[in-house]
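Report on the structure given below.
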Amino acid sequence: MQVKDLEFKKFITAKTIAEKVAGLAHKINHDYKDKTPVLLPVLNGSFMFAADLLKEIKIPCRVSFVKTSSYSGTTSTGQLKTLIGHDESLFNQHILIVEDIVDTGLTLEKIIEELRGLGAKSVEAITLLRKKPAREKQLDVKYVGFDLETEFVLGYGLDYDGLGRNYKDIYKQQEPPKAGQN
Ligand code: 5GP
């Protein structure tokens, strides 16, 4: 399948994703059975995963969609991320961050730090996909769907230059990603 200048092939089918999502939801139903967690899907990429996951969650829960916004800061990297879209009700809550993919883990680390600063009672994360750098870093992600190497993927919410989010399967790029792609 061609998306813009890149060639992709089917990698994880919708059926395999659905089975994995049901399994993850089962664990959450068990682990949070006496709590009312707030699920925090991080847009845009996690919208499809979050919708399917939520349909399988049977315990009482709240949902608040968030985004990260980058802005120029004065740090050496020049980039700081901040969480937008959430409300005050995160104080004293059990938060479960819902991510589509964790690569270097930098985004997730920032989000966790910010939520702890807001006084959340607990902060955990679920990601459908986790790449090698996050694994090597031993970033604490409680629930992981699929472990990947470093391949660039799209579909099921994930995009390439804004395209491909609507596909129900996950595809991977046939050639190694070029610098600056993700
Ligand atoms: P991190 O901060 O963990 O390095 O980056 C996470 C973000 O990078 C994800 O939320 C996603 O937007 C983007 N990303 C990383 N790998 C991929 C990939 O293989 N495909 C797509 N579409 N986005 C990716």
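Ligands are numbered from 1 in the order shown, residues from 1 within each chain, and chains are lettered A, B, ... in the order they appear in the structure tokens.
Every residue having at least one atom no farther than 6 Å from ligand 1 is included below, with only C-alpha atoms and all ligand atoms taken into account: Ile101, Val102, Asp103, Thr104, Gly105, Leu106, Thr107, Glu151, Phe152, Val153, Leu154, Leu158, Asp159, Tyr160 and Asn182 of chain A.
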Keeping only C-alpha atoms, take the residues you just selected and write them out as a CSV table (one decimal), in the first residue's frame.
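Resulting contents of part05.csv:
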```
chain,number,residue,atom,x,y,z
A,101,ILE,CA,2.6,4.3,20.7
A,102,VAL,CA,5.6,4.9,22.9
A,103,ASP,CA,8.9,5.3,21.1
A,104,THR,CA,11.6,7.1,23.0
A,105,GLY,CA,9.1,7.6,25.9
A,106,LEU,CA,9.9,11.3,26.2
A,107,THR,CA,6.3,12.3,25.6
A,151,GLU,CA,9.8,0.2,12.4
A,152,PHE,CA,7.5,3.1,11.4
A,153,VAL,CA,3.9,2.1,11.5
A,154,LEU,CA,0.5,3.6,10.5
A,158,LEU,CA,-1.6,6.4,13.7
A,159,ASP,CA,-0.7,8.6,10.8
A,160,TYR,CA,2.0,9.4,8.2
A,182,ASN,CA,8.5,10.5,13.5
```
Write out as a ChimeraX atom specification which residues come within 6 Å of range 112-129 of chain A when counting only C-alpha atoms, dropping same-chain ones fewer than 4 positions away. /A:90-101,141-147
(message) If DSSP is run on the backbone, what residues of chain A are alpha helix (DSSP H)? A reply as a PyMOL selection string would be ideal.
(response) chain A and resi 14-31+47-56+106-117+132-136
Where does DSSP see strand (DSSP E) in range 15-122 of chain A, if you list the residues as a ChimeraX atom specification? /A:38-41,62-63,67-72,79-84,94-102,122
Here CA of Leu83 in chain A and CA of Ala51 in chain A stand apart by 20.3 Å
task: Show which residues sit within 12 Å of range 163-177 of chain A, as a count of residues only. Count only C-alpha atoms, and ignore same-chain residues fewer than 4 positions away.
output: 45
| Closest to Ala25 in chain A among A:Leu39, A:Ile57, A:Ala50, A:Ile84, using only C-alpha atoms? |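 Closest to Ala25 in chain A, using only C-alpha atoms: A:Ile57.
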Of A:Asn29, A:Ser89, A:Gln138, A:Thr82, the one sitting nearest Val63 in chain A when using only C-alpha atoms is A:Ser89
